[in-house]
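Visitor: Take a look at final.pdb, PDB, C-alpha atoms:
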MODEL        1
ATOM      1  CA  MET A 212     164.060 309.428  28.615  1.00  0.00           C
ATOM      2  CA  ALA A 213     161.882 306.478  29.618  1.00  0.00           C
ATOM      3  CA  THR A 214     161.460 305.787  33.314  1.00  0.00           C
ATOM      4  CA  ILE A 215     160.342 302.711  35.219  1.00  0.00           C
ATOM      5  CA  LEU A 216     156.812 304.111  35.375  1.00  0.00           C
ATOM      6  CA  ASP A 217     156.721 304.076  31.568  1.00  0.00           C
ATOM      7  CA  ARG A 218     157.273 300.316  31.638  1.00  0.00           C
ATOM      8  CA  PHE A 219     153.940 299.902  33.398  1.00  0.00           C
ATOM      9  CA  ARG A 220     152.058 301.553  30.519  1.00  0.00           C
ATOM     10  CA  LEU A 221     149.926 299.356  28.270  1.00  0.00           C
ATOM     11  CA  ASP A 222     149.414 301.809  25.420  1.00  0.00           C
ATOM     12  CA  ALA A 223     148.687 300.136  22.055  1.00  0.00           C
ATOM     13  CA  LYS A 224     148.177 296.780  23.777  1.00  0.00           C
ATOM     14  CA  VAL A 225     145.055 294.645  23.439  1.00  0.00           C
ATOM     15  CA  ALA A 226     143.939 292.627  26.449  1.00  0.00           C
ATOM     16  CA  ILE A 227     141.378 289.815  26.639  1.00  0.00           C
ATOM     17  CA  VAL A 228     139.638 289.478  30.012  1.00  0.00           C
ATOM     18  CA  THR A 229     137.184 286.665  30.702  1.00  0.00           C
ATOM     19  CA  GLY A 230     134.400 286.971  33.252  1.00  0.00           C
ATOM     20  CA  ALA A 231     134.472 290.710  32.607  1.00  0.00           C
ATOM     21  CA  SER A 232     130.865 291.675  33.270  1.00  0.00           C
ATOM     22  CA  ARG A 233     131.190 292.153  37.035  1.00  0.00           C
ATOM     23  CA  GLY A 234     133.282 291.622  40.139  1.00  0.00           C
ATOM     24  CA  LEU A 235     136.977 290.932  39.790  1.00  0.00           C
ATOM     25  CA  GLY A 236     136.830 290.626  36.011  1.00  0.00           C
ATOM     26  CA  ALA A 237     135.240 294.040  35.577  1.00  0.00           C
ATOM     27  CA  GLY A 238     137.797 295.584  37.927  1.00  0.00           C
ATOM     28  CA  LEU A 239     140.696 293.936  36.109  1.00  0.00           C
ATOM     29  CA  ALA A 240     139.426 295.049  32.705  1.00  0.00           C
ATOM     30  CA  VAL A 241     139.032 298.657  33.831  1.00  0.00           C
ATOM     31  CA  GLY A 242     142.455 298.593  35.487  1.00  0.00           C
ATOM     32  CA  LEU A 243     144.124 297.476  32.251  1.00  0.00           C
ATOM     33  CA  ALA A 244     142.261 300.188  30.354  1.00  0.00           C
ATOM     34  CA  GLU A 245     143.407 302.764  32.903  1.00  0.00           C
ATOM     35  CA  ALA A 246     146.962 301.733  32.013  1.00  0.00           C
ATOM     36  CA  GLY A 247     146.252 302.304  28.314  1.00  0.00           C
ATOM     37  CA  ALA A 248     145.012 298.981  26.907  1.00  0.00           C
ATOM     38  CA  ASP A 249     142.033 298.298  24.701  1.00  0.00           C
ATOM     39  CA  VAL A 250     140.063 295.382  26.110  1.00  0.00           C
ATOM     40  CA  VAL A 251     138.057 292.439  24.815  1.00  0.00           C
ATOM     41  CA  LEU A 252     135.361 291.723  27.389  1.00  0.00           C
ATOM     42  CA  VAL A 253     134.282 288.078  27.498  1.00  0.00           C
ATOM     43  CA  ALA A 254     131.376 287.109  29.743  1.00  0.00           C
ATOM     44  CA  ARG A 255     128.245 285.002  29.997  1.00  0.00           C
ATOM     45  CA  THR A 256     126.186 288.157  30.534  1.00  0.00           C
ATOM     46  CA  ASP A 257     126.371 291.502  28.799  1.00  0.00           C
ATOM     47  CA  PRO A 258     129.450 293.410  30.059  1.00  0.00           C
ATOM     48  CA  GLY A 259     127.875 296.724  29.085  1.00  0.00           C
ATOM     49  CA  GLU A 260     128.683 298.487  32.335  1.00  0.00           C
ATOM     50  CA  THR A 261     132.354 297.526  32.043  1.00  0.00           C
ATOM     51  CA  ALA A 262     132.400 298.652  28.413  1.00  0.00           C
ATOM     52  CA  ARG A 263     130.987 302.042  29.367  1.00  0.00           C
ATOM     53  CA  ALA A 264     133.616 302.498  32.078  1.00  0.00           C
ATOM     54  CA  ILE A 265     136.338 301.723  29.544  1.00  0.00           C
ATOM     55  CA  ALA A 266     134.849 304.124  26.987  1.00  0.00           C
ATOM     56  CA  ALA A 267     134.872 306.867  29.636  1.00  0.00           C
ATOM     57  CA  LEU A 268     138.646 306.378  29.837  1.00  0.00           C
ATOM     58  CA  GLY A 269     139.009 306.949  26.100  1.00  0.00           C
ATOM     59  CA  ARG A 270     139.843 303.308  25.383  1.00  0.00           C
ATOM     60  CA  ARG A 271     138.124 300.858  23.058  1.00  0.00           C
ATOM     61  CA  SER A 272     136.453 297.582  23.950  1.00  0.00           C
ATOM     62  CA  LEU A 273     134.765 294.625  22.296  1.00  0.00           C
ATOM     63  CA  SER A 274     132.047 292.689  24.117  1.00  0.00           C
ATOM     64  CA  LEU A 275     131.682 288.951  23.505  1.00  0.00           C
ATOM     65  CA  VAL A 276     128.793 287.243  25.294  1.00  0.00           C
ATOM     66  CA  LEU A 277     129.605 283.545  25.505  1.00  0.00           C
ATOM     67  CA  ASP A 278     130.431 280.706  27.878  1.00  0.00           C
ATOM     68  CA  VAL A 279     134.198 280.169  28.043  1.00  0.00           C
ATOM     69  CA  GLY A 280     133.534 276.596  29.159  1.00  0.00           C
ATOM     70  CA  ALA A 281     132.082 275.720  25.742  1.00  0.00           C
ATOM     71  CA  PRO A 282     134.566 273.907  23.479  1.00  0.00           C
ATOM     72  CA  ALA A 283     134.165 276.380  20.598  1.00  0.00           C
ATOM     73  CA  ALA A 284     134.495 279.511  22.750  1.00  0.00           C
ATOM     74  CA  ALA A 285     138.276 279.881  22.563  1.00  0.00           C
ATOM     75  CA  GLY A 286     138.317 279.925  18.778  1.00  0.00           C
ATOM     76  CA  THR A 287     135.504 282.456  18.684  1.00  0.00           C
ATOM     77  CA  VAL A 288     137.262 284.762  21.141  1.00  0.00           C
ATOM     78  CA  MET A 289     140.485 284.772  19.140  1.00  0.00           C
ATOM     79  CA  THR A 290     138.762 285.159  15.771  1.00  0.00           C
ATOM     80  CA  GLU A 291     136.651 288.106  16.935  1.00  0.00           C
ATOM     81  CA  THR A 292     139.570 289.747  18.745  1.00  0.00           C
ATOM     82  CA  LEU A 293     141.760 289.631  15.646  1.00  0.00           C
ATOM     83  CA  ARG A 294     138.900 290.857  13.473  1.00  0.00           C
ATOM     84  CA  ALA A 295     138.311 293.864  15.736  1.00  0.00           C
ATOM     85  CA  PHE A 296     141.846 294.785  16.754  1.00  0.00           C
ATOM     86  CA  GLY A 297     144.226 292.805  14.553  1.00  0.00           C
ATOM     87  CA  ARG A 298     146.220 291.585  17.546  1.00  0.00           C
ATOM     88  CA  ALA A 299     146.097 290.368  21.126  1.00  0.00           C
ATOM     89  CA  ASP A 300     148.887 290.934  23.650  1.00  0.00           C
ATOM     90  CA  ILE A 301     147.458 290.098  27.086  1.00  0.00           C
ATOM     91  CA  LEU A 302     145.145 287.339  28.275  1.00  0.00           C
ATOM     92  CA  VAL A 303     143.561 287.383  31.725  1.00  0.00           C
ATOM     93  CA  ASN A 304     141.819 284.083  32.514  1.00  0.00           C
ATOM     94  CA  ASN A 305     139.473 285.333  35.203  1.00  0.00           C
ATOM     95  CA  ALA A 306     136.154 283.577  34.508  1.00  0.00           C
ATOM     96  CA  GLY A 307     135.288 281.131  37.241  1.00  0.00           C
ATOM     97  CA  ILE A 308     132.342 279.517  38.988  1.00  0.00           C
ATOM     98  CA  ILE A 309     131.940 277.676  42.285  1.00  0.00           C
ATOM     99  CA  ARG A 310     129.646 274.962  43.622  1.00  0.00           C
ATOM    100  CA  ARG A 311     129.325 274.084  47.315  1.00  0.00           C
ATOM    101  CA  ALA A 312     128.477 270.694  48.843  1.00  0.00           C
ATOM    102  CA  ALA A 313     130.058 268.179  51.178  1.00  0.00           C
ATOM    103  CA  PHE A 314     132.543 265.920  49.396  1.00  0.00           C
ATOM    104  CA  LEU A 315     130.448 262.803  50.020  1.00  0.00           C
ATOM    105  CA  ASP A 316     127.452 264.464  48.388  1.00  0.00           C
ATOM    106  CA  PHE A 317     129.261 266.375  45.636  1.00  0.00           C
ATOM    107  CA  SER A 318     127.565 265.684  42.304  1.00  0.00           C
ATOM    108  CA  GLU A 319     129.173 264.777  38.999  1.00  0.00           C
ATOM    109  CA  GLN A 320     127.360 267.730  37.431  1.00  0.00           C
ATOM    110  CA  ASP A 321     128.768 270.231  39.930  1.00  0.00           C
ATOM    111  CA  TRP A 322     132.230 268.781  39.384  1.00  0.00           C
ATOM    112  CA  ARG A 323     132.000 268.935  35.597  1.00  0.00           C
ATOM    113  CA  GLU A 324     130.453 272.412  35.313  1.00  0.00           C
ATOM    114  CA  VAL A 325     133.181 273.993  37.429  1.00  0.00           C
ATOM    115  CA  MET A 326     136.017 272.197  35.672  1.00  0.00           C
ATOM    116  CA  ASP A 327     134.613 273.146  32.258  1.00  0.00           C
ATOM    117  CA  VAL A 328     134.889 276.857  33.061  1.00  0.00           C
ATOM    118  CA  ASN A 329     137.708 277.090  35.588  1.00  0.00           C
ATOM    119  CA  LEU A 330     140.173 274.724  33.956  1.00  0.00           C
ATOM    120  CA  ASP A 331     139.181 273.416  30.531  1.00  0.00           C
ATOM    121  CA  GLY A 332     138.202 276.873  29.291  1.00  0.00           C
ATOM    122  CA  VAL A 333     141.483 278.314  30.565  1.00  0.00           C
ATOM    123  CA  PHE A 334     143.478 275.584  28.822  1.00  0.00           C
ATOM    124  CA  ARG A 335     141.758 276.078  25.485  1.00  0.00           C
ATOM    125  CA  LEU A 336     141.850 279.871  25.427  1.00  0.00           C
ATOM    126  CA  SER A 337     145.467 279.997  26.633  1.00  0.00           C
ATOM    127  CA  GLN A 338     146.464 277.546  23.903  1.00  0.00           C
ATOM    128  CA  HIS A 339     144.711 279.520  21.151  1.00  0.00           C
ATOM    129  CA  PHE A 340     146.186 282.777  22.445  1.00  0.00           C
ATOM    130  CA  ALA A 341     149.737 281.405  22.734  1.00  0.00           C
ATOM    131  CA  ARG A 342     149.594 279.837  19.291  1.00  0.00           C
ATOM    132  CA  GLU A 343     148.639 283.212  17.831  1.00  0.00           C
ATOM    133  CA  LEU A 344     151.564 284.940  19.575  1.00  0.00           C
ATOM    134  CA  VAL A 345     154.051 282.306  18.429  1.00  0.00           C
ATOM    135  CA  ALA A 346     152.736 282.451  14.858  1.00  0.00           C
ATOM    136  CA  ARG A 347     153.415 286.180  14.623  1.00  0.00           C
ATOM    137  CA  ARG A 348     156.559 285.963  16.754  1.00  0.00           C
ATOM    138  CA  SER A 349     155.207 288.434  19.242  1.00  0.00           C
ATOM    139  CA  PRO A 350     155.753 288.576  23.013  1.00  0.00           C
ATOM    140  CA  GLY A 351     152.731 288.434  25.280  1.00  0.00           C
ATOM    141  CA  LYS A 352     151.390 288.008  28.775  1.00  0.00           C
ATOM    142  CA  ILE A 353     149.077 285.353  30.194  1.00  0.00           C
ATOM    143  CA  ILE A 354     147.639 285.887  33.671  1.00  0.00           C
ATOM    144  CA  HIS A 355     145.579 283.191  35.362  1.00  0.00           C
ATOM    145  CA  ILE A 356     143.349 284.121  38.274  1.00  0.00           C
ATOM    146  CA  ALA A 357     144.058 281.469  40.892  1.00  0.00           C
ATOM    147  CA  SER A 358     142.832 281.439  44.508  1.00  0.00           C
ATOM    148  CA  MET A 359     143.744 280.900  48.134  1.00  0.00           C
ATOM    149  CA  LEU A 360     142.502 277.394  47.345  1.00  0.00           C
ATOM    150  CA  SER A 361     145.436 276.984  44.995  1.00  0.00           C
ATOM    151  CA  PHE A 362     147.420 276.644  48.252  1.00  0.00           C
ATOM    152  CA  GLN A 363     144.836 275.317  50.710  1.00  0.00           C
ATOM    153  CA  GLY A 364     142.129 272.670  50.624  1.00  0.00           C
ATOM    154  CA  GLY A 365     139.050 274.466  51.869  1.00  0.00           C
ATOM    155  CA  VAL A 366     135.822 272.617  52.584  1.00  0.00           C
ATOM    156  CA  ARG A 367     132.695 271.906  50.536  1.00  0.00           C
ATOM    157  CA  VAL A 368     134.241 273.149  47.265  1.00  0.00           C
ATOM    158  CA  ALA A 369     135.832 270.044  45.754  1.00  0.00           C
ATOM    159  CA  SER A 370     135.757 271.053  42.103  1.00  0.00           C
ATOM    160  CA  TYR A 371     136.748 274.657  42.777  1.00  0.00           C
ATOM    161  CA  THR A 372     139.749 273.602  44.878  1.00  0.00           C
ATOM    162  CA  ALA A 373     140.790 271.046  42.266  1.00  0.00           C
ATOM    163  CA  SER A 374     140.534 273.575  39.429  1.00  0.00           C
ATOM    164  CA  LYS A 375     142.421 276.335  41.237  1.00  0.00           C
ATOM    165  CA  SER A 376     145.136 273.952  42.447  1.00  0.00           C
ATOM    166  CA  ALA A 377     145.500 272.783  38.851  1.00  0.00           C
ATOM    167  CA  LEU A 378     145.874 276.392  37.680  1.00  0.00           C
ATOM    168  CA  HIS A 379     148.771 276.843  40.098  1.00  0.00           C
ATOM    169  CA  GLY A 380     150.572 273.932  38.458  1.00  0.00           C
ATOM    170  CA  LEU A 381     149.538 274.855  34.923  1.00  0.00           C
ATOM    171  CA  THR A 382     151.020 278.324  35.419  1.00  0.00           C
ATOM    172  CA  LYS A 383     154.435 276.769  36.033  1.00  0.00           C
ATOM    173  CA  LEU A 384     154.142 274.255  33.209  1.00  0.00           C
ATOM    174  CA  MET A 385     153.174 276.936  30.705  1.00  0.00           C
ATOM    175  CA  ALA A 386     155.975 279.214  31.887  1.00  0.00           C
ATOM    176  CA  ASN A 387     158.510 276.412  31.399  1.00  0.00           C
ATOM    177  CA  GLU A 388     157.370 275.874  27.825  1.00  0.00           C
ATOM    178  CA  LEU A 389     156.525 279.411  26.711  1.00  0.00           C
ATOM    179  CA  ALA A 390     159.161 281.645  28.329  1.00  0.00           C
ATOM    180  CA  SER A 391     161.564 280.943  25.455  1.00  0.00           C
ATOM    181  CA  GLN A 392     158.869 282.229  23.071  1.00  0.00           C
ATOM    182  CA  GLY A 393     158.721 285.594  24.854  1.00  0.00           C
ATOM    183  CA  ILE A 394     155.463 284.757  26.614  1.00  0.00           C
ATOM    184  CA  ASN A 395     155.192 285.405  30.342  1.00  0.00           C
ATOM    185  CA  VAL A 396     152.772 283.165  32.211  1.00  0.00           C
ATOM    186  CA  ASN A 397     151.958 284.065  35.812  1.00  0.00           C
ATOM    187  CA  ALA A 398     148.953 284.006  38.117  1.00  0.00           C
ATOM    188  CA  ILE A 399     147.258 286.150  40.723  1.00  0.00           C
ATOM    189  CA  ALA A 400     145.736 284.421  43.741  1.00  0.00           C
ATOM    190  CA  PRO A 401     143.150 286.785  45.214  1.00  0.00           C
ATOM    191  CA  GLY A 402     142.445 286.506  48.906  1.00  0.00           C
ATOM    192  CA  TYR A 403     138.925 286.626  50.251  1.00  0.00           C
ATOM    193  CA  MET A 404     137.195 289.140  47.995  1.00  0.00           C
ATOM    194  CA  ALA A 405     133.781 290.753  48.298  1.00  0.00           C
ATOM    195  CA  THR A 406     132.271 289.197  45.146  1.00  0.00           C
ATOM    196  CA  ASP A 407     129.297 287.027  44.209  1.00  0.00           C
ATOM    197  CA  ASN A 408     131.354 283.878  44.832  1.00  0.00           C
ATOM    198  CA  THR A 409     131.782 284.802  48.516  1.00  0.00           C
ATOM    199  CA  ALA A 410     128.281 286.157  49.144  1.00  0.00           C
ATOM    200  CA  ALA A 411     127.288 283.059  51.114  1.00  0.00           C
ATOM    201  CA  LEU A 412     130.341 283.345  53.353  1.00  0.00           C
ATOM    202  CA  ARG A 413     129.836 287.047  54.033  1.00  0.00           C
ATOM    203  CA  ALA A 414     126.151 286.445  54.817  1.00  0.00           C
ATOM    204  CA  ASP A 415     127.074 283.930  57.542  1.00  0.00           C
ATOM    205  CA  PRO A 416     128.088 286.007  60.611  1.00  0.00           C
ATOM    206  CA  ALA A 417     130.229 283.235  62.109  1.00  0.00           C
ATOM    207  CA  ARG A 418     132.109 282.501  58.865  1.00  0.00           C
ATOM    208  CA  ASP A 419     132.476 286.210  58.079  1.00  0.00           C
ATOM    209  CA  ARG A 420     133.998 286.889  61.503  1.00  0.00           C
ATOM    210  CA  ALA A 421     136.309 283.880  61.323  1.00  0.00           C
ATOM    211  CA  ILE A 422     137.640 284.960  57.934  1.00  0.00           C
ATOM    212  CA  LEU A 423     138.160 288.590  58.947  1.00  0.00           C
ATOM    213  CA  ASP A 424     139.964 287.513  62.107  1.00  0.00           C
ATOM    214  CA  ARG A 425     142.445 285.588  59.945  1.00  0.00           C
ATOM    215  CA  ILE A 426     143.189 288.493  57.531  1.00  0.00           C
ATOM    216  CA  PRO A 427     145.935 290.797  58.886  1.00  0.00           C
ATOM    217  CA  ALA A 428     144.564 293.670  56.784  1.00  0.00           C
ATOM    218  CA  GLY A 429     141.256 293.271  58.645  1.00  0.00           C
ATOM    219  CA  ARG A 430     138.935 293.522  55.648  1.00  0.00           C
ATOM    220  CA  TRP A 431     137.641 291.689  52.601  1.00  0.00           C
ATOM    221  CA  GLY A 432     139.427 292.572  49.381  1.00  0.00           C
ATOM    222  CA  THR A 433     137.866 294.492  46.484  1.00  0.00           C
ATOM    223  CA  PRO A 434     138.388 294.376  42.714  1.00  0.00           C
ATOM    224  CA  ASP A 435     140.478 297.552  42.955  1.00  0.00           C
ATOM    225  CA  ASP A 436     142.984 295.658  45.099  1.00  0.00           C
ATOM    226  CA  LEU A 437     143.941 293.512  42.098  1.00  0.00           C
ATOM    227  CA  LYS A 438     144.510 296.289  39.567  1.00  0.00           C
ATOM    228  CA  GLY A 439     148.142 296.972  40.480  1.00  0.00           C
ATOM    229  CA  ALA A 440     149.155 293.320  40.326  1.00  0.00           C
ATOM    230  CA  ALA A 441     147.369 292.836  37.010  1.00  0.00           C
ATOM    231  CA  VAL A 442     148.955 295.883  35.373  1.00  0.00           C
ATOM    232  CA  PHE A 443     152.382 294.805  36.631  1.00  0.00           C
ATOM    233  CA  LEU A 444     152.029 291.275  35.252  1.00  0.00           C
ATOM    234  CA  ALA A 445     150.581 292.573  31.961  1.00  0.00           C
ATOM    235  CA  SER A 446     153.341 295.135  31.417  1.00  0.00           C
ATOM    236  CA  SER A 447     157.010 295.060  30.444  1.00  0.00           C
ATOM    237  CA  ALA A 448     157.855 295.786  34.083  1.00  0.00           C
ATOM    238  CA  SER A 449     157.424 292.037  34.695  1.00  0.00           C
ATOM    239  CA  ASP A 450     159.366 290.746  31.689  1.00  0.00           C
ATOM    240  CA  TYR A 451     161.661 288.547  33.828  1.00  0.00           C
ATOM    241  CA  LEU A 452     158.864 287.100  35.960  1.00  0.00           C
ATOM    242  CA  HIS A 453     157.765 283.628  34.864  1.00  0.00           C
ATOM    243  CA  GLY A 454     155.668 280.900  36.482  1.00  0.00           C
ATOM    244  CA  PHE A 455     154.857 282.733  39.705  1.00  0.00           C
ATOM    245  CA  THR A 456     151.544 282.914  41.550  1.00  0.00           C
ATOM    246  CA  LEU A 457     151.236 286.254  43.323  1.00  0.00           C
ATOM    247  CA  ALA A 458     148.947 286.221  46.358  1.00  0.00           C
ATOM    248  CA  VAL A 459     147.003 289.454  46.815  1.00  0.00           C
ATOM    249  CA  ASP A 460     145.364 288.412  50.039  1.00  0.00           C
ATOM    250  CA  GLY A 461     145.632 291.050  52.759  1.00  0.00           C
ATOM    251  CA  GLY A 462     148.205 288.806  54.450  1.00  0.00           C
ATOM    252  CA  TRP A 463     145.990 285.685  54.675  1.00  0.00           C
ATOM    253  CA  LEU A 464     148.749 283.231  53.776  1.00  0.00           C
ATOM    254  CA  ALA A 465     151.175 284.891  56.170  1.00  0.00           C
ATOM    255  CA  ARG A 466     149.014 283.644  59.064  1.00  0.00           C
TER     256      ARG A 466
ENDMDL
END
Would you give me this structure, written as structure tokens?
Guide:
Amino acid sequence: MATILDRFRLDAKVAIVTGASRGLGAGLAVGLAEAGADVVLVARTDPGETARAIAALGRRSLSLVLDVGAPAAAGTVMTETLRAFGRADILVNNAGIIRRAAFLDFSEQDWREVMDVNLDGVFRLSQHFARELVARRSPGKIIHIASMLSFQGGVRVASYTASKSALHGLTKLMANELASQGINVNAIAPGYMATDNTAALRADPARDRAILDRIPAGRWGTPDDLKGAAVFLASSASDYLHGFTLAVDGGWLAR
């Protein structure tokens, strides 16, 4: 007899994870593999270490080294995924970059580069993925990786805040349109995580202390902290959850 824990299993599922070579993306990819999924690893740099961790779990992976912000990337990801595995069931839009400058000095280039990856790439890959699911009349899961700056403004990160705020809205729009097709669209908003994107903050003693003082859990998050949320949203345990952004933030927003 199946139990609720069985509904969290991802056996025979194929997941695509972008930005999978390190940090949150690597952690998310390994977490999905731990739950039974095979994983397509998409990254700008070789995700070899992530692939080896997945192989050690007895799961399969495919590594695709490309820039998800490039217009042709989404088609390539889907074509190669179907060639290798014949299907795709889960998409985790994790790839993201950040640029920092005062708003008055923020350059067009820094705006465009961030939007290309954080928003345009997500739109294109989600559309290709959803079209494939609808064509074969298969249910699926799309998980966007949002941010605390999906809810707050921040400072010195104009394009990042704009892209992550847009993802919050896009999650709801996509859920409204795709839920009837059996596709769940939700997002995870990580709190302040110890990754490359926050290295500058953690290296500044004053900013580091101010952030930690605001987090009820009293620590920076780690990639492992997102695994449970990702497996839940990727599994049948979340079949009636649509259009929600789940904050995994150590209590940051509660303050």
Visitor: Please expand the PyMOL selection byres ((chain A and resi 293) around 12) into the concrete residues it hits in this file, giving the result as a PyMOL selection string.
Guide: chain A and resi 225-227+251+273+286-292+294-300+339-340+343-344
Visitor: Go ahead and write the residues just picked, C-alpha atoms, as a tab-separated table (two decimals), in the frame of the given file.
Guide:
chain	number	residue	atom	x	y	z
A	225	VAL	CA	145.06	294.64	23.44
A	226	ALA	CA	143.94	292.63	26.45
A	227	ILE	CA	141.38	289.82	26.64
A	251	VAL	CA	138.06	292.44	24.82
A	273	LEU	CA	134.76	294.62	22.30
A	286	GLY	CA	138.32	279.92	18.78
A	287	THR	CA	135.50	282.46	18.68
A	288	VAL	CA	137.26	284.76	21.14
A	289	MET	CA	140.49	284.77	19.14
A	290	THR	CA	138.76	285.16	15.77
A	291	GLU	CA	136.65	288.11	16.93
A	292	THR	CA	139.57	289.75	18.74
A	294	ARG	CA	138.90	290.86	13.47
A	295	ALA	CA	138.31	293.86	15.74
A	296	PHE	CA	141.85	294.79	16.75
A	297	GLY	CA	144.23	292.80	14.55
A	298	ARG	CA	146.22	291.58	17.55
A	299	ALA	CA	146.10	290.37	21.13
A	300	ASP	CA	148.89	290.93	23.65
A	339	HIS	CA	144.71	279.52	21.15
A	340	PHE	CA	146.19	282.78	22.44
A	343	GLU	CA	148.64	283.21	17.83
A	344	LEU	CA	151.56	284.94	19.58
Visitor: Record the distance separating CA of Ile426 in chain A and CA of Met359 in chain A, expressed in Å with one decimal.
Guide: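 Computing the Euclidean distance for CA of Ile426 in chain A and CA of Met359 in chain A yields 12.1 Å.
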Visitor: Using all atoms listed in the file, find the one residue out of A:Ala458, A:Ala231, A:Val241, A:Ile422 that sits nearest to Thr409 in chain A.
Guide: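 The closest residue to Thr409 in chain A is A:Ile422.
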Visitor: Considering all atoms listed in the file, can you say which of A:Asn395, A:Ala283, A:Asp249, A:Leu389 comes closest to Arg342 in chain A?
Guide: A:Leu389
Visitor: Hey, which of A:Gly238, A:Gly461, A:Gly432, A:Pro350 ends up closest to Met404 in chain A? Count all atoms listed in the file.
Guide: A:Gly432
Visitor: Name the residues that the PyMOL selection byres ((chain A and resi 366) around 10) picks from the file above, as a JSON list (two decimals) with C-alpha atoms, in the coordinates of the input, using the file's chain letters and numbers.
Guide:
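And here's part12.json as it stands now:
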[["chain", "number", "residue", "atom", "x", "y", "z"],
["A", 311, "ARG", "CA", 129.32, 274.08, 47.32],
["A", 312, "ALA", "CA", 128.48, 270.69, 48.84],
["A", 313, "ALA", "CA", 130.06, 268.18, 51.18],
["A", 314, "PHE", "CA", 132.54, 265.92, 49.40],
["A", 360, "LEU", "CA", 142.50, 277.39, 47.34],
["A", 363, "GLN", "CA", 144.84, 275.32, 50.71],
["A", 364, "GLY", "CA", 142.13, 272.67, 50.62],
["A", 365, "GLY", "CA", 139.05, 274.47, 51.87],
["A", 367, "ARG", "CA", 132.70, 271.91, 50.54],
["A", 368, "VAL", "CA", 134.24, 273.15, 47.26],
["A", 369, "ALA", "CA", 135.83, 270.04, 45.75],
["A", 372, "THR", "CA", 139.75, 273.60, 44.88]]
Visitor: Restricting the calculation to only C-alpha atoms, which member of A:Gly462, A:Gly351, A:Pro258, A:Pro401 is positioned closest to Pro427 in chain A?
Guide: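 Of A:Gly462, A:Gly351, A:Pro258, A:Pro401, the one nearest Pro427 in chain A, counting only C-alpha atoms, is A:Gly462.
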Visitor: CA of Trp431 in chain A and CA of Gly402 in chain A, how far apart in Å?
Guide: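 CA of Trp431 in chain A lies at a distance of 8.0 Å from CA of Gly402 in chain A.
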Visitor: Under the rule that all atoms listed in the file are counted, which of A:Asp222, A:Asp435, A:Asp415, A:Asp331 is the nearest residue to Ser374 in chain A?
Guide: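 When distances to Ser374 in chain A are compared using all atoms listed in the file, the smallest one comes from A:Asp331.
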Visitor: Find, counting only C-alpha atoms, the residue in A:Ala445, A:Asp424, A:Glu319, A:Val325 that gets nearest to Ala244 in chain A.
Guide: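 Of all the options, A:Ala445 lies closest to Ala244 in chain A.
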Visitor: Can you tell me, as a count of residues only, what residues are no more than 9 Å from Ala306 in chain A when counting only C-alpha atoms, ignoring any on the same chain fewer than 5 positions away?
Guide: 13
Visitor: Starting from the PyMOL selection byres ((chain A and resi 355) around 7), expand the selection into actual residues of this file and give them as number ranges by chain.
Guide: A: 303-305, 353-354, 356-357, 397-399
Visitor: How many Å separate CA of Trp322 in chain A from CA of Ala373 in chain A?
Guide: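 Computing the Euclidean distance for CA of Trp322 in chain A and CA of Ala373 in chain A yields 9.3 Å.
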Visitor: Show which residues sit within 8 Å of Ala341 in chain A, as a list in words. Count all atoms listed in the file, and ignore same-chain residues fewer than 4 positions away.
Guide: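 Contacts, in chain order: Ser337, Val345 and Ile394 of chain A.
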